[in-house]
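So this block is work.txt, compact mmCIF, C-alpha atoms:
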```txt
# COMPACT_ATOMS: atom_id res chain seq x y z
CA MET A 1 -4.30 -20.45 16.89
CA LYS A 2 -3.26 -19.45 13.37
CA GLN A 3 -0.75 -21.70 11.62
CA VAL A 4 1.67 -19.47 9.67
CA GLY A 5 4.48 -20.68 7.40
CA ILE A 6 7.27 -18.26 6.50
CA PHE A 7 9.67 -19.21 3.71
CA THR A 8 13.10 -17.58 3.45
CA ALA A 9 16.08 -18.38 1.25
CA THR A 10 19.11 -17.88 3.52
CA ARG A 11 20.02 -17.83 7.19
CA TRP A 12 20.51 -14.05 6.97
CA GLU A 13 16.83 -13.79 6.05
CA LEU A 14 15.64 -16.42 8.53
CA ASP A 15 17.43 -14.96 11.57
CA PRO A 16 15.51 -11.65 11.78
CA ILE A 17 12.20 -13.54 11.85
CA CYS A 18 13.50 -15.85 14.57
CA ARG A 19 14.29 -12.75 16.65
CA ALA A 20 10.63 -11.74 16.42
CA ILE A 21 9.24 -15.02 17.80
CA GLN A 22 9.65 -17.34 20.76
CA VAL A 23 11.67 -20.17 19.24
CA GLU A 24 10.77 -23.63 20.56
CA GLU A 25 12.50 -25.99 18.14
CA GLN A 26 15.14 -25.87 15.41
CA GLN A 27 16.14 -28.73 13.15
CA ARG A 28 17.43 -29.59 9.70
CA VAL A 29 15.02 -31.62 7.58
CA GLY A 30 16.71 -33.00 4.47
CA GLN A 31 18.09 -30.04 2.53
CA PHE A 32 16.30 -27.30 4.48
CA ARG A 33 16.25 -25.81 7.97
CA ARG A 34 13.04 -25.49 10.01
CA VAL A 35 12.34 -23.32 13.05
CA ILE A 36 9.13 -23.74 15.06
CA GLY A 37 7.91 -21.13 17.50
CA ARG A 38 5.07 -18.87 18.47
CA ARG A 39 4.08 -15.28 18.96
CA GLY A 40 0.71 -14.12 20.22
CA ASN A 41 -2.03 -16.11 18.53
CA CYS A 42 0.31 -17.57 15.89
CA ARG A 43 2.09 -20.88 15.64
CA LEU A 44 5.09 -20.21 13.36
CA TYR A 45 6.91 -22.56 11.02
CA VAL A 46 9.89 -20.74 9.51
CA PHE A 47 11.92 -22.36 6.73
CA GLN A 48 15.31 -21.71 5.15
CA THR A 49 14.83 -23.18 1.69
CA GLY A 50 17.96 -22.19 -0.17
CA VAL A 51 18.19 -19.70 -3.04
CA GLY A 52 16.06 -19.90 -6.16
CA THR A 53 12.67 -21.11 -7.36
CA ALA A 54 13.56 -24.80 -7.59
CA LYS A 55 14.57 -25.07 -3.93
CA ALA A 56 11.85 -22.76 -2.62
CA GLY A 57 9.12 -24.53 -4.58
CA ALA A 58 10.26 -28.01 -3.54
CA VAL A 59 10.38 -27.11 0.16
CA CYS A 60 7.04 -25.30 0.07
CA ARG A 61 5.26 -28.20 -1.66
CA GLU A 62 6.74 -30.69 0.79
CA VAL A 63 5.66 -28.57 3.77
CA LEU A 64 2.13 -27.98 2.47
CA ALA A 65 1.62 -31.67 1.71
CA ASP A 66 2.34 -32.45 5.35
CA ARG A 67 0.90 -29.46 7.24
CA PRO A 68 -2.16 -27.25 6.62
CA LEU A 69 -1.43 -23.55 6.99
CA ASP A 70 -3.71 -20.54 7.44
CA LEU A 71 -1.15 -18.27 5.76
CA ALA A 72 2.08 -18.70 3.79
CA VAL A 73 4.61 -15.87 3.52
CA SER A 74 7.58 -15.43 1.20
CA SER A 75 9.99 -13.23 3.14
CA GLY A 76 13.56 -12.00 3.18
CA PHE A 77 15.43 -9.26 1.37
CA ALA A 78 14.45 -7.68 -1.93
CA CYS A 79 15.90 -5.47 -4.62
CA ALA A 80 13.83 -2.30 -4.94
CA LEU A 81 12.56 -1.57 -8.45
CA THR A 82 11.19 1.83 -7.47
CA ALA A 83 12.54 4.80 -5.53
CA SER A 84 13.13 3.45 -2.02
CA HIS A 85 15.42 3.52 0.98
CA ILE A 86 17.32 0.62 2.53
CA GLY A 87 15.08 -1.11 5.07
CA ASP A 88 11.77 -0.08 3.46
CA LEU A 89 9.07 -2.75 3.52
CA LEU A 90 7.78 -3.99 0.16
CA ILE A 91 4.41 -5.78 0.22
CA GLY A 92 3.39 -7.83 -2.79
CA THR A 93 -0.09 -7.40 -4.23
CA GLU A 94 0.74 -10.01 -6.88
CA VAL A 95 3.81 -11.88 -8.06
CA LEU A 96 4.90 -13.37 -11.36
CA MET A 97 7.94 -15.01 -12.86
CA HIS A 98 9.84 -12.78 -15.25
CA GLU A 99 9.25 -13.96 -18.80
CA GLY A 100 12.99 -14.01 -19.47
CA SER A 101 13.51 -16.75 -16.85
CA ALA A 102 13.10 -19.71 -19.18
CA ASP A 103 14.86 -22.08 -16.78
CA SER A 104 11.90 -21.89 -14.34
CA PRO A 105 9.09 -23.67 -16.26
CA GLY A 106 5.61 -24.00 -14.80
CA LEU A 107 5.70 -20.64 -13.02
CA GLY A 108 3.84 -18.55 -15.55
CA GLY A 109 0.84 -16.36 -14.83
CA VAL A 110 0.02 -13.77 -12.21
CA LEU A 111 -0.29 -15.05 -8.64
CA PRO A 112 -2.46 -12.79 -6.45
CA CYS A 113 -1.58 -12.10 -2.83
CA ALA A 114 -4.19 -12.11 -0.07
CA ALA A 115 -5.62 -8.59 0.03
CA ALA A 116 -7.03 -8.86 3.57
CA PHE A 117 -3.66 -9.86 5.01
CA ASN A 118 -1.95 -7.15 2.93
CA ALA A 119 -4.04 -4.56 4.74
CA VAL A 120 -2.86 -6.00 8.07
CA ALA A 121 0.76 -5.78 6.85
CA ILE A 122 0.41 -2.13 5.83
CA ARG A 123 -0.97 -1.19 9.26
CA ALA A 124 1.75 -3.20 11.01
CA GLY A 125 4.42 -1.39 9.01
CA GLN A 126 3.00 1.98 10.00
CA GLU A 127 2.87 0.98 13.68
CA ALA A 128 6.45 -0.29 13.50
CA GLY A 129 7.67 2.96 11.97
CA VAL A 130 8.76 1.18 8.78
CA THR A 131 8.07 2.84 5.43
CA ALA A 132 5.89 0.44 3.46
CA ARG A 133 4.61 0.32 -0.10
CA ALA A 134 2.52 -2.28 -1.90
CA GLY A 135 2.67 -3.41 -5.51
CA ARG A 136 3.71 -6.11 -7.95
CA PHE A 137 6.69 -8.39 -7.30
CA ILE A 138 8.82 -10.04 -9.97
CA THR A 139 10.75 -13.27 -9.43
CA VAL A 140 13.87 -13.90 -11.52
CA SER A 141 16.14 -16.91 -11.87
CA ARG A 142 19.44 -15.03 -11.55
CA ILE A 143 20.73 -12.27 -9.29
CA LEU A 144 20.50 -8.91 -11.04
CA TRP A 145 23.69 -7.22 -9.95
CA ARG A 146 23.87 -4.39 -12.48
CA ALA A 147 21.70 -1.29 -12.10
CA GLU A 148 21.00 -1.20 -15.84
CA ASP A 149 19.37 -4.66 -15.67
CA LYS A 150 17.27 -3.64 -12.65
CA ARG A 151 16.05 -0.53 -14.44
CA ARG A 152 15.18 -2.53 -17.55
CA ILE A 153 12.99 -4.97 -15.64
CA ALA A 154 11.43 -2.15 -13.61
CA THR A 155 10.41 -0.45 -16.87
CA GLU A 156 9.16 -3.68 -18.46
CA THR A 157 7.07 -4.84 -15.52
CA GLY A 158 6.07 -1.88 -13.36
CA ALA A 159 7.05 -3.92 -10.31
CA ILE A 160 8.15 -2.44 -6.99
CA GLY A 161 10.43 -5.32 -5.95
CA LEU A 162 12.40 -8.28 -7.18
CA ASP A 163 13.41 -11.59 -5.62
CA MET A 164 14.29 -15.18 -6.56
CA GLU A 165 11.70 -17.29 -4.69
CA SER A 166 8.26 -15.73 -4.31
CA ALA A 167 6.71 -17.00 -7.56
CA ALA A 168 7.55 -20.58 -6.58
CA VAL A 169 6.10 -20.18 -3.08
CA GLY A 170 3.00 -18.53 -4.54
CA ALA A 171 2.48 -21.30 -7.11
CA ALA A 172 2.67 -23.97 -4.41
CA THR A 173 0.14 -22.17 -2.21
CA VAL A 174 -2.31 -21.63 -5.07
CA GLU A 175 -2.38 -25.39 -5.61
CA ARG A 176 -3.53 -25.81 -1.98
CA GLN A 177 -5.77 -22.70 -1.91
CA ILE A 178 -3.79 -21.19 0.95
CA PRO A 179 -3.58 -17.38 1.40
CA PHE A 180 -0.18 -16.09 0.34
CA LEU A 181 1.85 -12.93 1.00
CA VAL A 182 5.18 -11.42 -0.09
CA LEU A 183 6.74 -9.37 2.73
CA ARG A 184 10.33 -8.26 2.14
CA THR A 185 12.65 -5.45 3.16
CA VAL A 186 14.90 -3.57 0.75
CA SER A 187 18.59 -4.51 0.88
CA ASP A 188 19.71 -3.02 -2.45
CA LEU A 189 18.44 -0.13 -4.54
CA LEU A 190 17.33 0.34 -8.11
CA ASP A 191 20.23 2.55 -9.19
CA GLU A 192 23.14 0.76 -7.50
CA ASP A 193 25.38 -2.00 -8.82
CA LEU A 194 26.16 -4.84 -6.45
CA PRO A 195 29.91 -5.12 -5.76
CA LEU A 196 30.26 -8.25 -7.91
CA ASP A 197 28.30 -10.93 -9.76
CA PHE A 198 26.88 -13.02 -6.89
CA ASN A 199 25.61 -15.62 -9.37
CA LEU A 200 29.14 -17.03 -9.17
CA PHE A 201 28.37 -18.19 -5.62
CA LEU A 202 25.16 -20.06 -6.45
CA SER A 203 27.09 -23.21 -7.33
CA GLN A 204 29.96 -24.95 -5.55
CA ALA A 205 32.11 -24.68 -8.65
CA GLY A 206 31.60 -20.93 -8.73
CA TRP A 207 32.86 -20.20 -5.21
CA LEU A 208 36.52 -20.33 -6.23
CA ARG A 209 35.86 -18.06 -9.22
CA GLY A 210 34.01 -15.64 -6.98
CA ALA A 211 36.83 -15.57 -4.44
CA LEU A 212 39.40 -14.99 -7.16
CA ARG A 213 37.25 -12.17 -8.56
CA CYS A 214 37.29 -10.48 -5.14
CA LEU A 215 41.07 -10.80 -4.89
CA ALA A 216 41.50 -9.39 -8.38
CA ARG A 217 39.29 -6.39 -7.55
CA PRO A 218 40.07 -5.16 -4.01
CA SER A 219 37.56 -2.33 -4.50
CA SER A 220 34.81 -4.95 -4.38
CA LEU A 221 35.59 -5.43 -0.68
CA PHE A 222 34.33 -1.90 0.02
CA GLY A 223 31.15 -2.73 -1.86
CA LEU A 224 30.73 -5.94 0.11
CA ASN A 225 31.02 -4.03 3.36
CA ARG A 226 28.41 -1.54 2.13
CA LEU A 227 26.07 -4.42 1.31
CA ARG A 228 26.70 -5.94 4.75
CA VAL A 229 25.64 -2.69 6.42
CA GLN A 230 22.56 -2.42 4.20
CA SER A 231 21.55 -6.01 4.91
CA ALA A 232 21.91 -5.43 8.66
CA LEU A 233 19.50 -2.49 8.46
CA ALA A 234 17.05 -4.48 6.32
CA SER A 235 17.27 -7.30 8.89
CA GLU A 236 16.54 -4.98 11.82
CA ARG A 237 13.51 -3.50 10.05
CA MET A 238 12.24 -6.97 9.21
CA THR A 239 12.32 -8.01 12.87
CA ARG A 240 10.56 -4.82 13.92
CA PHE A 241 7.86 -5.30 11.29
CA PHE A 242 7.20 -8.98 12.03
CA GLU A 243 6.79 -8.28 15.73
CA ARG A 244 3.88 -5.95 14.93
CA PHE A 245 2.50 -8.05 12.07
CA LEU A 246 2.33 -11.30 14.04
CA ASP A 247 0.78 -9.53 17.02
CA ALA A 248 -1.89 -8.11 14.69
CA LEU A 249 -2.72 -11.57 13.32
```
What does this structure look like when you write it as structure tokens?
Amino acid sequence: MKQVGIFTATRWELDPICRAIQVEEQQRVGQFRRVIGRRGNCRLYVFQTGVGTAKAGAVCREVLADRPLDLAVSSGFACALTASHIGDLLIGTEVLMHEGSADSPGLGGVLPCAAAFNAVAIRAGQEAGVTARAGRFITVSRILWRAEDKRRIATETGAIGLDMESAAVGAATVERQIPFLVLRTVSDLLDEDLPLDFNLFLSQAGWLRGALRCLARPSSLFGLNRLRVQSALASERMTRFFERFLDAL
């Protein structure tokens, strides 16, 4: 039976994977949440690490020190850096930390993804009826909420998708020589601004500022509802994809 670890940042990204598996156990371990289950020939260990490279890397290293895995996956939502639709599947062929993210030391260099498993993911996407494309992923240390910043990084890097954790998960797996994948669904598009600067909510001190910003700009509530709908579609596509992908493994 294959031992597969799937690392997600938030509960909104963990839940769609849990819907695709038979959950046997859920518990909180220190600062992260762990779900254990199975599907087909796979024993699944799904983790909610928290947002950002520091949290994702710490959880992944702790997990890999304690449990050998046949495959590690960085999953969740992604910002598309190429023409896409909400809910499309983005498959990483390689991942690297954006050079402008100086607050994430030790994550330099290109981290290759496992080509053999990528081929399985592409076929699973086709069978699930999910539009899939493969290419480079970029990890950044802050949420890019303005379209102009997304377009700048897309031009600089040639990447198809952007997230905040995959480089850290990839670095931890390389240390242990464990095959690694990036499998994410699109929740926001290259040419759209997010309704507000979500970096405000990454710290406890910022929550009040973020709430006040929403109150000061009622129009942001419409944008938040749009993002909620987009995330729900990305979540549904993620569940559909993982059902096929895990069966194929």
Please build the interface table for range 56-120 of chain A against range 3-27 of chain A with a cut-off of 6 Å, listing for each qualifying residue the nearest atom pair and the distance in Å to one decimal; count only C-alpha atoms, order rows by chain and increasing number, and write it as a tab-separated table.
```
residue	atom	partner	partner_atom	distance
A:Leu69	CA	A:Gln3	CA	5.0
A:Asp70	CA	A:Gln3	CA	5.3
A:Leu71	CA	A:Val4	CA	5.0
A:Ala72	CA	A:Gly5	CA	4.8
A:Val73	CA	A:Ile6	CA	4.7
A:Ser74	CA	A:Phe7	CA	5.0
A:Ser75	CA	A:Thr8	CA	5.4
A:Gly76	CA	A:Glu13	CA	4.7
```
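Going from CA of Arg184 in chain A over to CA of Val95 in chain A, you cover 12.6 Å.
Among A:Val186, A:Leu200, A:Ala171, A:Ala248, the residue with the shortest atom-to-atom distance to Cys113 in chain A, counting only C-alpha atoms, is A:Ala171.
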Would you list the contacts of range 137-147 of chain A as a PDB file with C-alpha atoms, in the frame of the given file, taking every protein, DNA or RNA residue within 9 Å and counting all atoms listed in the file, but skipping same-chain residues closer than 4 positions in sequence?
```
ATOM      1  CA  GLY A  52      16.060 -19.900  -6.160  1.00  0.00           C
ATOM      2  CA  THR A  53      12.670 -21.110  -7.360  1.00  0.00           C
ATOM      3  CA  CYS A  79      15.900  -5.470  -4.620  1.00  0.00           C
ATOM      4  CA  LEU A  90       7.780  -3.990   0.160  1.00  0.00           C
ATOM      5  CA  ILE A  91       4.410  -5.780   0.220  1.00  0.00           C
ATOM      6  CA  GLY A  92       3.390  -7.830  -2.790  1.00  0.00           C
ATOM      7  CA  THR A  93      -0.090  -7.400  -4.230  1.00  0.00           C
ATOM      8  CA  GLU A  94       0.740 -10.010  -6.880  1.00  0.00           C
ATOM      9  CA  VAL A  95       3.810 -11.880  -8.060  1.00  0.00           C
ATOM     10  CA  LEU A  96       4.900 -13.370 -11.360  1.00  0.00           C
ATOM     11  CA  MET A  97       7.940 -15.010 -12.860  1.00  0.00           C
ATOM     12  CA  HIS A  98       9.840 -12.780 -15.250  1.00  0.00           C
ATOM     13  CA  GLU A  99       9.250 -13.960 -18.800  1.00  0.00           C
ATOM     14  CA  GLY A 100      12.990 -14.010 -19.470  1.00  0.00           C
ATOM     15  CA  SER A 101      13.510 -16.750 -16.850  1.00  0.00           C
ATOM     16  CA  ALA A 102      13.100 -19.710 -19.180  1.00  0.00           C
ATOM     17  CA  ASP A 103      14.860 -22.080 -16.780  1.00  0.00           C
ATOM     18  CA  SER A 104      11.900 -21.890 -14.340  1.00  0.00           C
ATOM     19  CA  ARG A 151      16.050  -0.530 -14.440  1.00  0.00           C
ATOM     20  CA  ARG A 152      15.180  -2.530 -17.550  1.00  0.00           C
ATOM     21  CA  ILE A 153      12.990  -4.970 -15.640  1.00  0.00           C
ATOM     22  CA  THR A 157       7.070  -4.840 -15.520  1.00  0.00           C
ATOM     23  CA  GLY A 158       6.070  -1.880 -13.360  1.00  0.00           C
ATOM     24  CA  ALA A 159       7.050  -3.920 -10.310  1.00  0.00           C
ATOM     25  CA  ILE A 160       8.150  -2.440  -6.990  1.00  0.00           C
ATOM     26  CA  GLY A 161      10.430  -5.320  -5.950  1.00  0.00           C
ATOM     27  CA  LEU A 162      12.400  -8.280  -7.180  1.00  0.00           C
ATOM     28  CA  ASP A 163      13.410 -11.590  -5.620  1.00  0.00           C
ATOM     29  CA  MET A 164      14.290 -15.180  -6.560  1.00  0.00           C
ATOM     30  CA  GLU A 165      11.700 -17.290  -4.690  1.00  0.00           C
ATOM     31  CA  SER A 166       8.260 -15.730  -4.310  1.00  0.00           C
ATOM     32  CA  ALA A 167       6.710 -17.000  -7.560  1.00  0.00           C
ATOM     33  CA  ALA A 168       7.550 -20.580  -6.580  1.00  0.00           C
ATOM     34  CA  VAL A 182       5.180 -11.420  -0.090  1.00  0.00           C
ATOM     35  CA  LEU A 189      18.440  -0.130  -4.540  1.00  0.00           C
ATOM     36  CA  LEU A 190      17.330   0.340  -8.110  1.00  0.00           C
ATOM     37  CA  ASP A 191      20.230   2.550  -9.190  1.00  0.00           C
ATOM     38  CA  GLU A 192      23.140   0.760  -7.500  1.00  0.00           C
ATOM     39  CA  ASP A 193      25.380  -2.000  -8.820  1.00  0.00           C
ATOM     40  CA  LEU A 194      26.160  -4.840  -6.450  1.00  0.00           C
ATOM     41  CA  PRO A 195      29.910  -5.120  -5.760  1.00  0.00           C
ATOM     42  CA  LEU A 196      30.260  -8.250  -7.910  1.00  0.00           C
ATOM     43  CA  ASP A 197      28.300 -10.930  -9.760  1.00  0.00           C
ATOM     44  CA  PHE A 198      26.880 -13.020  -6.890  1.00  0.00           C
ATOM     45  CA  ASN A 199      25.610 -15.620  -9.370  1.00  0.00           C
TER      46      ASN A 199
END
```
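You will find CA of Phe222 in chain A at 25.5 Å from CA of Leu89 in chain A.
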Original post:
Using only C-alpha atoms, can you list as number ranges by chain the residues within 10 Å of (0.1, -25.5, -3.6)?
Top reply: A: 57, 60-65, 168-178
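If you measure from each of A:Ala56, A:Leu224, A:Val35, A:Ala83 to Ala154 in chain A using all atoms listed in the file, the closest one turns out to be A:Ala83.
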Original post:
CA of Ala134 in chain A and CA of Ala114 in chain A, how far apart in Å?
Top reply: 12.0 Å
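Proximity of A:Ala80, A:Cys42, A:Met1, A:Leu183 to Ala121 in chain A, computed with only C-alpha atoms, is greatest for A:Leu183.
Compared by their closest atoms to Gln126 in chain A, and using all atoms listed in the file, the residues A:Leu81, A:Gly109, A:Ala58, A:Arg244 rank with A:Arg244 nearest.
Ranking A:Phe47, A:Phe180, A:Phe32, A:Phe77 by their shortest atom-to-atom distance to Ser231 in chain A, with all atoms listed in the file included, puts A:Phe77 first.
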**OP:** Excluding Glu127 in chain A and any residue of its chain fewer than 4 positions from it, enumerate the residues within 9 Å of it, using all atoms listed in the file, and give them as a ChimeraX atom specification.
**Re:** /A:122-123,241,244
Output for the residues just chosen: C-alpha atoms as a compact mmCIF listing (two decimals), in the coordinates of the input:
```txt
# COMPACT_ATOMS: atom_id res chain seq x y z
CA ILE A 122 0.41 -2.13 5.83
CA ARG A 123 -0.97 -1.19 9.26
CA PHE A 241 7.86 -5.30 11.29
CA ARG A 244 3.88 -5.95 14.93
```
Please produce range 110-125 of chain A, completed to N, CA and C atoms, as a PDB file, in the coordinates of the input.
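Everything below was put into result-v4.pdb:
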```pdb
ATOM      1  N   VAL A 110       0.006 -14.672 -13.344  1.00  0.00           N
ATOM      2  CA  VAL A 110       0.020 -13.770 -12.210  1.00  0.00           C
ATOM      3  C   VAL A 110      -0.568 -14.469 -10.998  1.00  0.00           C
ATOM      4  N   LEU A 111       0.148 -14.419  -9.875  1.00  0.00           N
ATOM      5  CA  LEU A 111      -0.290 -15.050  -8.640  1.00  0.00           C
ATOM      6  C   LEU A 111      -0.711 -13.959  -7.664  1.00  0.00           C
ATOM      7  N   PRO A 112      -2.003 -13.869  -7.340  1.00  0.00           N
ATOM      8  CA  PRO A 112      -2.460 -12.790  -6.450  1.00  0.00           C
ATOM      9  C   PRO A 112      -2.101 -13.066  -4.997  1.00  0.00           C
ATOM     10  N   CYS A 113      -1.806 -12.005  -4.273  1.00  0.00           N
ATOM     11  CA  CYS A 113      -1.580 -12.100  -2.830  1.00  0.00           C
ATOM     12  C   CYS A 113      -2.875 -11.780  -2.093  1.00  0.00           C
ATOM     13  N   ALA A 114      -2.953 -12.222  -0.849  1.00  0.00           N
ATOM     14  CA  ALA A 114      -4.190 -12.110  -0.070  1.00  0.00           C
ATOM     15  C   ALA A 114      -4.402 -10.665   0.371  1.00  0.00           C
ATOM     16  N   ALA A 115      -5.407 -10.012  -0.203  1.00  0.00           N
ATOM     17  CA  ALA A 115      -5.620  -8.590   0.030  1.00  0.00           C
ATOM     18  C   ALA A 115      -5.907  -8.279   1.495  1.00  0.00           C
ATOM     19  N   ALA A 116      -6.681  -9.127   2.171  1.00  0.00           N
ATOM     20  CA  ALA A 116      -7.030  -8.860   3.570  1.00  0.00           C
ATOM     21  C   ALA A 116      -5.790  -8.858   4.450  1.00  0.00           C
ATOM     22  N   PHE A 117      -4.888  -9.797   4.224  1.00  0.00           N
ATOM     23  CA  PHE A 117      -3.660  -9.860   5.010  1.00  0.00           C
ATOM     24  C   PHE A 117      -2.715  -8.715   4.619  1.00  0.00           C
ATOM     25  N   ASN A 118      -2.762  -8.299   3.347  1.00  0.00           N
ATOM     26  CA  ASN A 118      -1.950  -7.150   2.930  1.00  0.00           C
ATOM     27  C   ASN A 118      -2.307  -5.903   3.721  1.00  0.00           C
ATOM     28  N   ALA A 119      -3.596  -5.712   3.963  1.00  0.00           N
ATOM     29  CA  ALA A 119      -4.040  -4.560   4.740  1.00  0.00           C
ATOM     30  C   ALA A 119      -3.485  -4.614   6.157  1.00  0.00           C
ATOM     31  N   VAL A 120      -3.441  -5.819   6.728  1.00  0.00           N
ATOM     32  CA  VAL A 120      -2.860  -6.000   8.070  1.00  0.00           C
ATOM     33  C   VAL A 120      -1.373  -5.638   8.041  1.00  0.00           C
ATOM     34  N   ALA A 121      -0.681  -6.052   6.971  1.00  0.00           N
ATOM     35  CA  ALA A 121       0.760  -5.780   6.850  1.00  0.00           C
ATOM     36  C   ALA A 121       1.028  -4.289   6.740  1.00  0.00           C
ATOM     37  N   ILE A 122       0.217  -3.579   5.981  1.00  0.00           N
ATOM     38  CA  ILE A 122       0.410  -2.130   5.830  1.00  0.00           C
ATOM     39  C   ILE A 122       0.258  -1.430   7.175  1.00  0.00           C
ATOM     40  N   ARG A 123      -0.775  -1.798   7.937  1.00  0.00           N
ATOM     41  CA  ARG A 123      -0.970  -1.190   9.260  1.00  0.00           C
ATOM     42  C   ARG A 123       0.177  -1.526  10.195  1.00  0.00           C
ATOM     43  N   ALA A 124       0.650  -2.783  10.134  1.00  0.00           N
ATOM     44  CA  ALA A 124       1.750  -3.200  11.010  1.00  0.00           C
ATOM     45  C   ALA A 124       3.021  -2.430  10.681  1.00  0.00           C
ATOM     46  N   GLY A 125       3.267  -2.183   9.400  1.00  0.00           N
ATOM     47  CA  GLY A 125       4.420  -1.390   9.010  1.00  0.00           C
ATOM     48  C   GLY A 125       4.352   0.016   9.555  1.00  0.00           C
TER      49      GLY A 125
END
```
